[in-house]
file entry-v7.cif (mmCIF, C-alpha atoms and all ligand atoms)
data_coords
#
loop_
_atom_site.group_PDB
_atom_site.id
_atom_site.type_symbol
_atom_site.label_atom_id
_atom_site.label_comp_id
_atom_site.auth_asym_id
_atom_site.auth_seq_id
_atom_site.Cartn_x
_atom_site.Cartn_y
_atom_site.Cartn_z
ATOM 1 C CA MET A 719 115.458 113.449 180.555
ATOM 2 C CA LYS A 720 117.765 116.225 179.420
ATOM 3 C CA THR A 721 115.987 117.259 176.226
ATOM 4 C CA GLU A 722 118.930 119.373 175.006
ATOM 5 C CA GLU A 723 121.019 116.193 174.648
ATOM 6 C CA ILE A 724 118.632 114.295 172.419
ATOM 7 C CA ASN A 725 117.838 114.251 168.755
ATOM 8 C CA PRO A 726 115.640 117.188 167.567
ATOM 9 C CA ALA A 727 112.884 114.977 166.121
ATOM 10 C CA LEU A 728 112.546 113.138 169.437
ATOM 11 C CA LYS A 729 112.595 116.467 171.267
ATOM 12 C CA GLU A 730 109.738 117.682 169.066
ATOM 13 C CA LEU A 731 107.823 114.477 169.817
ATOM 14 C CA ILE A 732 108.253 114.980 173.580
ATOM 15 C CA LYS A 733 107.039 118.578 173.309
ATOM 16 C CA ASN A 734 103.984 117.458 171.347
ATOM 17 C CA ILE A 735 103.159 114.589 173.662
ATOM 18 C CA TYR A 736 102.785 117.225 176.351
ATOM 19 C CA LEU A 737 100.451 119.274 174.125
ATOM 20 C CA ILE A 738 98.475 116.275 172.845
ATOM 21 C CA LEU A 739 98.257 113.975 175.879
ATOM 22 C CA GLY A 740 98.581 116.609 178.601
ATOM 23 C CA PHE A 741 101.418 115.049 180.538
ATOM 24 C CA ASN A 742 105.085 115.751 180.629
ATOM 25 C CA ALA A 743 107.048 112.932 179.010
ATOM 26 C CA GLY A 744 110.200 114.862 179.934
ATOM 27 C CA HIS A 745 110.025 113.249 183.390
ATOM 28 C CA TYR A 746 110.732 109.805 182.004
ATOM 29 C CA GLU A 747 114.095 108.096 181.899
ATOM 30 C CA ILE A 748 115.183 108.472 178.258
ATOM 31 C CA LYS A 749 115.789 104.701 177.810
ATOM 32 C CA HIS A 750 112.289 103.840 179.034
ATOM 33 C CA PHE A 751 110.725 106.542 176.882
ATOM 34 C CA LYS A 752 112.548 105.484 173.709
ATOM 35 C CA ARG A 753 111.726 101.824 174.262
ATOM 36 C CA ARG A 754 108.024 102.650 174.545
ATOM 37 C CA ILE A 755 107.991 104.969 171.525
ATOM 38 C CA ASP A 756 109.887 102.385 169.465
ATOM 39 C CA ALA A 757 107.268 99.787 170.374
ATOM 40 C CA ARG A 758 104.453 102.088 169.185
ATOM 41 C CA MET A 759 106.404 102.931 166.011
ATOM 42 C CA ARG A 760 106.815 99.243 165.220
ATOM 43 C CA ALA A 761 103.132 98.570 165.912
ATOM 44 C CA THR A 762 102.043 101.421 163.619
ATOM 45 C CA LYS A 763 104.781 100.783 161.027
ATOM 46 C CA LYS A 764 106.162 104.316 161.250
ATOM 47 C CA GLU A 765 109.824 104.690 160.460
ATOM 48 C CA SER A 766 110.753 108.018 162.000
ATOM 49 C CA TYR A 767 109.773 110.132 165.026
ATOM 50 C CA THR A 768 108.448 112.788 162.646
ATOM 51 C CA GLU A 769 106.270 110.300 160.783
ATOM 52 C CA TYR A 770 104.988 108.883 164.069
ATOM 53 C CA LEU A 771 104.201 112.363 165.423
ATOM 54 C CA LYS A 772 102.140 113.178 162.297
ATOM 55 C CA TYR A 773 100.157 109.960 162.812
ATOM 56 C CA LEU A 774 99.739 110.617 166.533
ATOM 57 C CA LYS A 775 98.218 114.028 165.808
ATOM 58 C CA GLU A 776 95.651 112.465 163.460
ATOM 59 C CA SER A 777 94.665 109.308 165.313
ATOM 60 C CA SER A 778 92.715 109.441 168.566
ATOM 61 C CA SER A 779 93.063 105.678 169.094
ATOM 62 C CA GLU A 780 96.864 106.040 168.862
ATOM 63 C CA LYS A 781 96.730 108.782 171.505
ATOM 64 C CA ASP A 782 95.075 106.313 173.886
ATOM 65 C CA LYS A 783 97.481 103.517 172.976
ATOM 66 C CA LEU A 784 100.572 105.671 173.476
ATOM 67 C CA LYS A 785 99.325 106.927 176.818
ATOM 68 C CA LYS A 786 98.687 103.357 177.986
ATOM 69 C CA CYS A 787 102.062 102.263 176.733
ATOM 70 C CA LEU A 788 103.907 105.115 178.486
ATOM 71 C CA THR A 789 102.179 104.975 181.839
ATOM 72 C CA VAL A 790 102.366 101.168 182.491
ATOM 73 C CA ASN A 791 99.368 100.197 184.624
ATOM 74 C CA VAL A 792 100.477 96.791 185.921
ATOM 75 C CA THR A 793 99.280 96.270 189.480
ATOM 76 C CA GLU A 794 97.863 93.624 191.825
ATOM 77 C CA PHE A 795 96.124 93.240 195.176
ATOM 78 C CA PHE A 796 98.533 93.113 198.143
ATOM 79 C CA ARG A 797 101.516 93.474 195.787
ATOM 80 C CA ASN A 798 104.541 92.080 197.656
ATOM 81 C CA PRO A 799 102.494 90.662 200.554
ATOM 82 C CA GLU A 800 105.445 91.007 202.965
ATOM 83 C CA VAL A 801 105.200 94.802 202.571
ATOM 84 C CA TYR A 802 101.520 94.769 203.546
ATOM 85 C CA GLU A 803 102.332 92.457 206.449
ATOM 86 C CA GLU A 804 104.930 94.925 207.718
ATOM 87 C CA PHE A 805 102.508 97.799 207.111
ATOM 88 C CA ARG A 806 99.867 95.951 209.165
ATOM 89 C CA LYS A 807 102.214 95.039 212.003
ATOM 90 C CA THR A 808 104.391 98.158 212.258
ATOM 91 C CA VAL A 809 102.733 101.122 210.577
ATOM 92 C CA VAL A 810 99.029 100.568 211.271
ATOM 93 C CA PRO A 811 99.353 100.411 215.114
ATOM 94 C CA SER A 812 101.401 103.607 214.993
ATOM 95 C CA LEU A 813 98.777 105.333 212.825
ATOM 96 C CA ILE A 814 96.050 104.292 215.252
ATOM 97 C CA ARG A 815 98.098 105.637 218.182
ATOM 98 C CA ARG A 816 98.650 108.911 216.315
ATOM 99 C CA LYS A 817 94.948 109.299 215.700
ATOM 100 C CA PRO A 818 93.204 107.711 218.684
ATOM 101 C CA PRO A 819 89.446 107.051 218.215
ATOM 102 C CA LEU A 820 88.398 109.256 221.115
ATOM 103 C CA LYS A 821 89.928 112.318 219.482
ATOM 104 C CA ASN A 822 87.654 111.913 216.459
ATOM 105 C CA GLU A 823 90.575 112.343 214.059
ATOM 106 C CA THR A 824 90.778 110.941 210.558
ATOM 107 C CA ILE A 825 93.626 108.705 209.384
ATOM 108 C CA ARG A 826 94.636 110.091 205.999
ATOM 109 C CA VAL A 827 96.405 107.936 203.417
ATOM 110 C CA TRP A 828 97.420 108.740 199.841
ATOM 111 C CA SER A 829 97.814 106.055 197.177
ATOM 112 C CA MET A 830 99.712 107.998 194.508
ATOM 113 C CA GLY A 831 99.677 106.275 191.103
ATOM 114 C CA CYS A 832 96.875 103.928 192.169
ATOM 115 C CA SER A 833 96.260 102.482 188.683
ATOM 116 C CA SER A 834 93.070 100.376 188.518
ATOM 117 C CA GLY A 835 92.507 100.415 192.287
ATOM 118 C CA GLN A 836 94.075 97.219 193.624
ATOM 119 C CA GLU A 837 96.522 99.193 195.801
ATOM 120 C CA PRO A 838 94.040 101.556 197.535
ATOM 121 C CA TYR A 839 91.598 98.680 198.099
ATOM 122 C CA SER A 840 94.394 96.603 199.666
ATOM 123 C CA ILE A 841 95.286 99.527 201.946
ATOM 124 C CA ALA A 842 91.624 100.107 202.802
ATOM 125 C CA MET A 843 91.046 96.429 203.674
ATOM 126 C CA THR A 844 94.147 96.322 205.887
ATOM 127 C CA LEU A 845 93.289 99.495 207.784
ATOM 128 C CA ALA A 846 89.529 98.966 207.992
ATOM 129 C CA ASP A 847 90.081 95.464 209.385
ATOM 130 C CA ALA A 848 92.467 96.833 212.031
ATOM 131 C CA LEU A 849 89.928 99.535 212.913
ATOM 132 C CA GLY A 850 87.203 97.012 213.672
ATOM 133 C CA GLY A 851 85.778 96.283 210.222
ATOM 134 C CA ASN A 852 83.759 99.273 209.095
ATOM 135 C CA PRO A 853 85.369 102.482 210.373
ATOM 136 C CA GLY A 854 83.579 105.012 208.143
ATOM 137 C CA LYS A 855 85.015 108.000 206.313
ATOM 138 C CA LYS A 856 85.378 110.183 209.405
ATOM 139 C CA ARG A 857 87.872 107.715 210.843
ATOM 140 C CA LEU A 858 89.726 106.700 207.673
ATOM 141 C CA ILE A 859 90.066 108.281 204.269
ATOM 142 C CA ILE A 860 92.195 107.069 201.386
ATOM 143 C CA TYR A 861 92.955 109.427 198.522
ATOM 144 C CA ALA A 862 93.677 107.389 195.410
ATOM 145 C CA THR A 863 95.052 109.300 192.435
ATOM 146 C CA ASP A 864 96.404 108.559 188.989
ATOM 147 C CA ILE A 865 97.044 110.384 185.740
ATOM 148 C CA ASP A 866 95.180 107.711 183.779
ATOM 149 C CA ALA A 867 91.424 108.373 183.623
ATOM 150 C CA GLU A 868 90.644 104.918 182.225
ATOM 151 C CA ALA A 869 92.450 103.120 185.048
ATOM 152 C CA LEU A 870 90.596 105.333 187.541
ATOM 153 C CA SER A 871 87.261 104.466 185.994
ATOM 154 C CA THR A 872 88.015 100.737 186.525
ATOM 155 C CA ALA A 873 89.094 101.538 190.086
ATOM 156 C CA LYS A 874 85.862 103.393 190.842
ATOM 157 C CA LYS A 875 83.746 100.473 189.602
ATOM 158 C CA GLY A 876 85.547 98.112 191.964
ATOM 159 C CA VAL A 877 84.704 94.982 189.953
ATOM 160 C CA TYR A 878 87.523 92.472 189.457
ATOM 161 C CA LYS A 879 87.898 89.023 187.939
ATOM 162 C CA ASP A 880 91.331 88.397 189.421
ATOM 163 C CA ILE A 881 91.405 88.788 193.180
ATOM 164 C CA THR A 882 94.613 86.838 193.720
ATOM 165 C CA GLY A 883 96.502 88.075 196.764
ATOM 166 C CA ILE A 884 93.540 89.094 198.931
ATOM 167 C CA PRO A 885 93.499 87.063 202.182
ATOM 168 C CA GLU A 886 90.436 84.791 202.529
ATOM 169 C CA LYS A 887 89.170 86.588 205.629
ATOM 170 C CA LEU A 888 89.198 89.942 203.817
ATOM 171 C CA ILE A 889 87.483 88.487 200.731
ATOM 172 C CA ARG A 890 84.622 87.319 202.949
ATOM 173 C CA ARG A 891 84.421 90.688 204.684
ATOM 174 C CA TYR A 892 84.816 93.167 201.842
ATOM 175 C CA LEU A 893 83.890 91.496 198.527
ATOM 176 C CA SER A 894 80.694 90.103 197.120
ATOM 177 C CA LYS A 895 80.113 87.851 194.105
ATOM 178 C CA SER A 896 79.217 89.667 190.905
ATOM 179 C CA PRO A 897 78.026 88.346 187.485
ATOM 180 C CA ASN A 898 80.542 86.751 185.066
ATOM 181 C CA GLU A 899 82.683 85.201 187.784
ATOM 182 C CA SER A 900 83.712 88.605 189.026
ATOM 183 C CA PHE A 901 83.858 90.085 192.511
ATOM 184 C CA LYS A 902 82.656 93.500 193.620
ATOM 185 C CA ILE A 903 84.215 95.565 196.385
ATOM 186 C CA LYS A 904 81.515 96.311 198.948
ATOM 187 C CA ALA A 905 80.240 99.878 199.246
ATOM 188 C CA GLU A 906 81.370 100.212 202.892
ATOM 189 C CA LEU A 907 84.981 99.839 201.719
ATOM 190 C CA GLN A 908 84.590 101.875 198.519
ATOM 191 C CA ASN A 909 83.147 104.748 200.540
ATOM 192 C CA LEU A 910 86.485 105.130 202.331
ATOM 193 C CA ILE A 911 88.277 105.947 199.081
ATOM 194 C CA SER A 912 88.229 109.126 197.054
ATOM 195 C CA PHE A 913 89.420 108.501 193.465
ATOM 196 C CA THR A 914 90.682 111.573 191.591
ATOM 197 C CA ARG A 915 92.702 112.252 188.463
ATOM 198 C CA HIS A 916 95.963 113.857 189.504
ATOM 199 C CA ASP A 917 99.308 114.386 187.792
ATOM 200 C CA ILE A 918 102.168 114.083 190.269
ATOM 201 C CA PHE A 919 104.195 116.744 188.477
ATOM 202 C CA SER A 920 101.667 119.385 187.573
ATOM 203 C CA ASP A 921 98.937 119.208 190.217
ATOM 204 C CA PRO A 922 99.456 120.459 193.787
ATOM 205 C CA PRO A 923 100.231 117.676 196.276
ATOM 206 C CA LEU A 924 97.734 116.515 198.860
ATOM 207 C CA THR A 925 99.006 117.444 202.311
ATOM 208 C CA ASN A 926 98.874 116.403 205.958
ATOM 209 C CA MET A 927 98.976 112.684 205.117
ATOM 210 C CA ASP A 928 99.642 110.008 207.744
ATOM 211 C CA ALA A 929 100.853 107.541 205.124
ATOM 212 C CA LEU A 930 101.756 107.785 201.470
ATOM 213 C CA PHE A 931 102.063 104.833 199.088
ATOM 214 C CA CYS A 932 104.110 105.635 195.993
ATOM 215 C CA ARG A 933 104.922 102.229 194.587
ATOM 216 C CA ASN A 934 106.151 101.227 191.149
ATOM 217 C CA THR A 935 105.261 104.638 189.780
ATOM 218 C CA MET A 936 108.612 106.374 189.881
ATOM 219 C CA ILE A 937 110.773 103.556 188.467
ATOM 220 C CA TYR A 938 110.612 105.081 184.991
ATOM 221 C CA PHE A 939 111.250 108.682 186.041
ATOM 222 C CA ASN A 940 114.622 110.349 185.558
ATOM 223 C CA LYS A 941 116.899 111.576 188.387
ATOM 224 C CA GLU A 942 115.610 115.156 188.444
ATOM 225 C CA ALA A 943 111.968 114.035 188.474
ATOM 226 C CA LYS A 944 112.770 111.651 191.347
ATOM 227 C CA LYS A 945 114.301 114.496 193.373
ATOM 228 C CA ASP A 946 111.125 116.541 192.819
ATOM 229 C CA LEU A 947 109.151 113.559 194.069
ATOM 230 C CA TYR A 948 111.273 113.186 197.203
ATOM 231 C CA ARG A 949 110.563 116.831 198.049
ATOM 232 C CA LEU A 950 106.902 116.221 197.367
ATOM 233 C CA PHE A 951 106.888 113.237 199.770
ATOM 234 C CA ASN A 952 108.155 115.549 202.498
ATOM 235 C CA LYS A 953 105.589 118.219 201.683
ATOM 236 C CA SER A 954 102.705 115.779 201.603
ATOM 237 C CA LEU A 955 103.319 113.833 204.816
ATOM 238 C CA ALA A 956 102.817 115.137 208.341
ATOM 239 C CA VAL A 957 105.852 114.756 210.640
ATOM 240 C CA GLY A 958 105.753 111.132 211.860
ATOM 241 C CA GLY A 959 103.945 110.010 208.674
ATOM 242 C CA TYR A 960 105.052 106.952 206.686
ATOM 243 C CA LEU A 961 106.224 106.549 203.101
ATOM 244 C CA ILE A 962 105.821 103.143 201.462
ATOM 245 C CA MET A 963 107.782 102.685 198.245
ATOM 246 C CA GLY A 964 108.026 99.871 195.691
ATOM 247 C CA LYS A 965 110.395 96.944 196.215
ATOM 248 C CA ALA A 966 112.393 97.903 193.111
ATOM 249 C CA GLU A 967 112.705 101.550 194.152
ATOM 250 C CA SER A 968 115.383 103.140 196.306
ATOM 251 C CA PHE A 969 115.575 106.317 198.382
ATOM 252 C CA LEU A 970 119.318 106.598 198.973
ATOM 253 C CA ASN A 971 119.538 110.169 200.271
ATOM 254 C CA HIS A 972 116.401 109.880 202.382
ATOM 255 C CA ARG A 973 117.998 111.787 205.318
ATOM 256 C CA ASP A 974 118.495 114.859 203.127
ATOM 257 C CA TYR A 975 114.759 114.843 202.510
ATOM 258 C CA GLY A 976 113.770 114.482 206.187
ATOM 259 C CA PHE A 977 113.177 110.705 206.358
ATOM 260 C CA HIS A 978 114.562 107.778 208.288
ATOM 261 C CA VAL A 979 114.305 104.066 207.504
ATOM 262 C CA VAL A 980 111.609 101.986 209.188
ATOM 263 C CA SER A 981 112.173 98.874 207.102
ATOM 264 C CA GLY A 982 115.052 98.682 204.628
ATOM 265 C CA ARG A 983 113.836 95.365 203.314
ATOM 266 C CA ASN A 984 110.304 96.573 202.634
ATOM 267 C CA HIS A 985 111.176 100.129 201.637
ATOM 268 C CA ILE A 986 109.202 101.860 204.371
ATOM 269 C CA PHE A 987 110.342 105.285 205.634
ATOM 270 C CA LYS A 988 109.166 107.738 208.276
ATOM 271 C CA LYS A 989 109.192 111.510 207.951
ATOM 272 C CA THR A 990 111.119 112.914 210.880
ATOM 273 C CA GLU A 991 111.369 116.576 209.980
ATOM 274 C CA GLU A 992 110.075 119.260 207.650
ATOM 275 C CA MET A 993 112.315 120.162 204.741
ATOM 276 C CA ILE A 994 113.060 123.815 204.429
ATOM 277 C CA SER A 995 112.758 124.457 200.699
HETATM 278 C C1 LIG B 1001 102.882 100.404 187.537
HETATM 279 S S1 LIG B 1001 101.507 101.320 188.108
HETATM 280 C C2 LIG B 1001 101.662 101.100 189.847
HETATM 281 C C3 LIG B 1001 100.342 100.843 190.529
HETATM 282 C C4 LIG B 1001 100.432 100.597 192.034
HETATM 283 N N1 LIG B 1001 101.023 101.732 192.717
HETATM 284 C C5 LIG B 1001 101.215 99.337 192.331
HETATM 285 O O1 LIG B 1001 102.341 99.413 192.850
HETATM 286 O O2 LIG B 1001 100.726 98.251 192.056
HETATM 287 C C6 LIG B 1001 102.065 102.997 187.855
HETATM 288 C C7 LIG B 1001 100.937 104.010 187.805
HETATM 289 O O3 LIG B 1001 101.494 105.330 187.845
HETATM 290 C C8 LIG B 1001 100.683 106.172 187.057
HETATM 291 N N2 LIG B 1001 101.438 107.378 186.672
HETATM 292 C C9 LIG B 1001 102.472 107.498 185.785
HETATM 293 N N3 LIG B 1001 102.856 108.775 185.682
HETATM 294 C C10 LIG B 1001 102.067 109.496 186.521
HETATM 295 C C11 LIG B 1001 101.980 110.872 186.868
HETATM 296 N N4 LIG B 1001 102.781 111.771 186.318
HETATM 297 N N5 LIG B 1001 101.025 111.257 187.770
HETATM 298 C C12 LIG B 1001 100.189 110.346 188.342
HETATM 299 N N6 LIG B 1001 100.232 109.025 188.060
HETATM 300 C C13 LIG B 1001 101.151 108.603 187.161
HETATM 301 C C14 LIG B 1001 100.331 105.295 185.864
HETATM 302 O O4 LIG B 1001 99.190 105.769 185.166
HETATM 303 C C15 LIG B 1001 100.120 103.931 186.514
HETATM 304 O O5 LIG B 1001 98.782 103.672 186.791
#

call {"tool": "encode", "arguments": {"input": "entry-v7.cif", "output": "structure tokens"}}
result
Amino acid sequence: MKTEEINPALKELIKNIYLILGFNAGHYEIKHFKRRIDARMRATKKESYTEYLKYLKESSSEKDKLKKCLTVNVTEFFRNPEVYEEFRKTVVPSLIRRKPPLKNETIRVWSMGCSSGQEPYSIAMTLADALGGNPGKKRLIIYATDIDAEALSTAKKGVYKDITGIPEKLIRRYLSKSPNESFKIKAELQNLISFTRHDIFSDPPLTNMDALFCRNTMIYFNKEAKKDLYRLFNKSLAVGGYLIMGKAESFLNHRDYGFHVVSGRNHIFKKTEEMIS
């Protein structure tokens, strides 16, 4: 958001959120940001940004609540199943051709903004199944990153009560029953994923990726932040690599960033050239 255009008390709050929570709220769309702050102000009965900031500085539980409220962790297994179906049918065979087994090369995928793990596990199940069931880390590695340490800790545990969306065959192959009516992701699948805390805007991007999932993470970012992300997509993917975006997200000037459309309906793009930046 353009901080020079907004009220000084809100500007001060944004600056302090960066100092207190360690992430840059300036990347958010102003409307989204205000809505979230207003919700926290109502919940804590604070009547001004200044009053709320004073409380935020004092209360560690409010720091956690605000962070949760700003980052929005909603996710699910095989979110928009038609996207995973297209990924399986169109992208996966191409990835396997790019990295044929005899060459001993690793298929590298990045799940950026992975939340509590449902996305990287869905990717891992799809790819591992196509690679014969249990490919091992030398054949397939999935980097799963998020800014939210708590969501990552859930992801690393790999224990879920709600497994809606996972196809029956993959449940049988990659999950086992756990106490309290939960399911645990099997170690052979977990071992393919490296979970790390990573801030899209302040940490260096992972590079040489064959596929990059950035879904439902950028919806709340402002125009400038989105442009930075588009450049980052180009930097992170190898030429011929695939970008999979959320169904509610668009990439209108994709050609300017070195991409062409693979599936308009499912928001899948392919990097065709390096961007000279
Ligand atoms: C709505 S979830 C999307 C999860 C998953 N990609 C999906 O589509 O189901 C958005 C995730 O982006 C993460 N996120 C927000 N800002 C981020 C940033 N600057 N760097 C890394 N992750 C961020 C949030 O913590 C949250 O877990």

call {"tool": "closest_atom_pairs", "arguments": {"input": "entry-v7.cif", "of": "chain A", "to": "ligand LIG 1001 (chain B)", "cutoff": "9 Å", "atoms": "only C-alpha atoms and all ligand atoms", "output": "CSV"}}
result
residue,atom,partner,partner_atom,distance
A:Phe741,CA,B:LIG1001,N4,6.8
A:Asn742,CA,B:LIG1001,N4,7.3
A:Ala743,CA,B:LIG1001,N4,8.5
A:His745,CA,B:LIG1001,N4,8.0
A:Tyr746,CA,B:LIG1001,N3,8.8
A:Lys785,CA,B:LIG1001,O4,8.4
A:Lys786,CA,B:LIG1001,O4,7.6
A:Leu788,CA,B:LIG1001,C9,7.8
A:Thr789,CA,B:LIG1001,C14,4.4
A:Val790,CA,B:LIG1001,C1,5.1
A:Asn791,CA,B:LIG1001,O5,4.1
A:Val792,CA,B:LIG1001,C1,4.6
A:Thr793,CA,B:LIG1001,O2,3.6
A:Glu794,CA,B:LIG1001,O2,5.4
A:Phe795,CA,B:LIG1001,O2,7.5
A:Phe796,CA,B:LIG1001,O2,8.3
A:Arg797,CA,B:LIG1001,O2,6.1
A:Ser829,CA,B:LIG1001,N1,7.0
A:Met830,CA,B:LIG1001,N6,6.5
A:Gly831,CA,B:LIG1001,O3,3.8
A:Cys832,CA,B:LIG1001,N1,4.7
A:Ser833,CA,B:LIG1001,O5,3.4
A:Ser834,CA,B:LIG1001,O5,6.8
A:Gly835,CA,B:LIG1001,C4,7.9
A:Gln836,CA,B:LIG1001,O2,6.9
A:Glu837,CA,B:LIG1001,C4,5.6
A:Pro838,CA,B:LIG1001,N1,8.5
A:Thr863,CA,B:LIG1001,C12,6.7
A:Asp864,CA,B:LIG1001,N6,4.0
A:Ile865,CA,B:LIG1001,C12,4.1
A:Asp866,CA,B:LIG1001,O4,4.7
A:Ala867,CA,B:LIG1001,O4,8.3
A:Ala869,CA,B:LIG1001,O5,6.6
A:Leu870,CA,B:LIG1001,O5,8.4
A:Arg915,CA,B:LIG1001,C12,7.7
A:His916,CA,B:LIG1001,C12,5.6
A:Asp917,CA,B:LIG1001,N5,3.6
A:Ile918,CA,B:LIG1001,N5,3.9
A:Phe919,CA,B:LIG1001,N4,5.6
A:Ser920,CA,B:LIG1001,N4,7.8
A:Asp921,CA,B:LIG1001,N5,8.6
A:Phe931,CA,B:LIG1001,N1,7.2
A:Cys932,CA,B:LIG1001,N1,6.0
A:Arg933,CA,B:LIG1001,O1,4.2
A:Asn934,CA,B:LIG1001,O1,4.5
A:Thr935,CA,B:LIG1001,C6,4.1
A:Met936,CA,B:LIG1001,C9,7.5
A:Ile937,CA,B:LIG1001,C1,8.5
A:Tyr938,CA,B:LIG1001,C9,8.5
A:Phe939,CA,B:LIG1001,N3,8.4
A:Met963,CA,B:LIG1001,O1,8.3
A:Gly964,CA,B:LIG1001,O1,6.4

call {"tool": "write_last_selection", "arguments": {"input": "entry-v7.cif", "atoms": "C-alpha atoms", "output": "mmCIF file, in the frame of the given file"}}
result
data_model
loop_
_atom_site.group_PDB
_atom_site.id
_atom_site.type_symbol
_atom_site.label_atom_id
_atom_site.label_comp_id
_atom_site.auth_asym_id
_atom_site.auth_seq_id
_atom_site.Cartn_x
_atom_site.Cartn_y
_atom_site.Cartn_z
ATOM 1 C CA PHE A 741 101.418 115.049 180.538
ATOM 2 C CA ASN A 742 105.085 115.751 180.629
ATOM 3 C CA ALA A 743 107.048 112.932 179.010
ATOM 4 C CA HIS A 745 110.025 113.249 183.390
ATOM 5 C CA TYR A 746 110.732 109.805 182.004
ATOM 6 C CA LYS A 785 99.325 106.927 176.818
ATOM 7 C CA LYS A 786 98.687 103.357 177.986
ATOM 8 C CA LEU A 788 103.907 105.115 178.486
ATOM 9 C CA THR A 789 102.179 104.975 181.839
ATOM 10 C CA VAL A 790 102.366 101.168 182.491
ATOM 11 C CA ASN A 791 99.368 100.197 184.624
ATOM 12 C CA VAL A 792 100.477 96.791 185.921
ATOM 13 C CA THR A 793 99.280 96.270 189.480
ATOM 14 C CA GLU A 794 97.863 93.624 191.825
ATOM 15 C CA PHE A 795 96.124 93.240 195.176
ATOM 16 C CA PHE A 796 98.533 93.113 198.143
ATOM 17 C CA ARG A 797 101.516 93.474 195.787
ATOM 18 C CA SER A 829 97.814 106.055 197.177
ATOM 19 C CA MET A 830 99.712 107.998 194.508
ATOM 20 C CA GLY A 831 99.677 106.275 191.103
ATOM 21 C CA CYS A 832 96.875 103.928 192.169
ATOM 22 C CA SER A 833 96.260 102.482 188.683
ATOM 23 C CA SER A 834 93.070 100.376 188.518
ATOM 24 C CA GLY A 835 92.507 100.415 192.287
ATOM 25 C CA GLN A 836 94.075 97.219 193.624
ATOM 26 C CA GLU A 837 96.522 99.193 195.801
ATOM 27 C CA PRO A 838 94.040 101.556 197.535
ATOM 28 C CA THR A 863 95.052 109.300 192.435
ATOM 29 C CA ASP A 864 96.404 108.559 188.989
ATOM 30 C CA ILE A 865 97.044 110.384 185.740
ATOM 31 C CA ASP A 866 95.180 107.711 183.779
ATOM 32 C CA ALA A 867 91.424 108.373 183.623
ATOM 33 C CA ALA A 869 92.450 103.120 185.048
ATOM 34 C CA LEU A 870 90.596 105.333 187.541
ATOM 35 C CA ARG A 915 92.702 112.252 188.463
ATOM 36 C CA HIS A 916 95.963 113.857 189.504
ATOM 37 C CA ASP A 917 99.308 114.386 187.792
ATOM 38 C CA ILE A 918 102.168 114.083 190.269
ATOM 39 C CA PHE A 919 104.195 116.744 188.477
ATOM 40 C CA SER A 920 101.667 119.385 187.573
ATOM 41 C CA ASP A 921 98.937 119.208 190.217
ATOM 42 C CA PHE A 931 102.063 104.833 199.088
ATOM 43 C CA CYS A 932 104.110 105.635 195.993
ATOM 44 C CA ARG A 933 104.922 102.229 194.587
ATOM 45 C CA ASN A 934 106.151 101.227 191.149
ATOM 46 C CA THR A 935 105.261 104.638 189.780
ATOM 47 C CA MET A 936 108.612 106.374 189.881
ATOM 48 C CA ILE A 937 110.773 103.556 188.467
ATOM 49 C CA TYR A 938 110.612 105.081 184.991
ATOM 50 C CA PHE A 939 111.250 108.682 186.041
ATOM 51 C CA MET A 963 107.782 102.685 198.245
ATOM 52 C CA GLY A 964 108.026 99.871 195.691
#

call {"tool": "closest_residue", "arguments": {"input": "entry-v7.cif", "among": "A:Ile889, A:Leu739, A:Val809, A:Ile859", "to": "A:Tyr960", "atoms": "all atoms listed in the file"}}
result
A:Val809

call {"tool": "resolve_selection", "arguments": {"input": "entry-v7.cif", "expression": "the PyMOL selection byres (((chain A and resi 961) around 9) and not hetatm)", "output": "list in words"}}
result
Asp928, Ala929, Leu930, Phe931, Cys932, Phe951, Leu955, Gly959, Tyr960, Ile962, Met963, Phe977, His985, Ile986, Phe987, Lys988 and Lys989 of chain A

call {"tool": "resolve_selection", "arguments": {"input": "entry-v7.cif", "expression": "the PyMOL selection byres (((chain A and resi 727) around 10) and not hetatm)", "output": "PDB file with C-alpha atoms, keeping the file's coordinate frame"}}
result
ATOM      1  CA  ILE A 724     118.632 114.295 172.419  1.00  0.00           C
ATOM      2  CA  ASN A 725     117.838 114.251 168.755  1.00  0.00           C
ATOM      3  CA  PRO A 726     115.640 117.188 167.567  1.00  0.00           C
ATOM      4  CA  LEU A 728     112.546 113.138 169.437  1.00  0.00           C
ATOM      5  CA  LYS A 729     112.595 116.467 171.267  1.00  0.00           C
ATOM      6  CA  GLU A 730     109.738 117.682 169.066  1.00  0.00           C
ATOM      7  CA  LEU A 731     107.823 114.477 169.817  1.00  0.00           C
ATOM      8  CA  ILE A 732     108.253 114.980 173.580  1.00  0.00           C
ATOM      9  CA  LYS A 733     107.039 118.578 173.309  1.00  0.00           C
ATOM     10  CA  SER A 766     110.753 108.018 162.000  1.00  0.00           C
ATOM     11  CA  TYR A 767     109.773 110.132 165.026  1.00  0.00           C
ATOM     12  CA  THR A 768     108.448 112.788 162.646  1.00  0.00           C
ATOM     13  CA  GLU A 769     106.270 110.300 160.783  1.00  0.00           C
ATOM     14  CA  LEU A 771     104.201 112.363 165.423  1.00  0.00           C
TER      15      LEU A 771
END

call {"tool": "resolve_selection", "arguments": {"input": "entry-v7.cif", "expression": "the PyMOL selection byres (((chain A and resi 891-906) around 9) and not hetatm)", "output": "ChimeraX atom specification"}}
result
/A:839,843,847,851-854,875-881,886-890,907-910

call {"tool": "atom_distance", "arguments": {"input": "entry-v7.cif", "atom1": "atom CA of A:Glu823", "atom2": "atom CA of A:Thr844"}}
result
18.3 Å

call {"tool": "atom_distance", "arguments": {"input": "entry-v7.cif", "atom1": "atom CA of A:Ile825", "atom2": "atom CA of A:Leu858"}}
result
4.7 Å

call {"tool": "residues_around", "arguments": {"input": "entry-v7.cif", "residues": "A:Ile814", "least_positions_apart": "3", "cutoff": "10 Å", "atoms": "all atoms listed in the file", "output": "ChimeraX atom specification"}}
result
/A:809-811,817-819,823-825,845,848-849,857
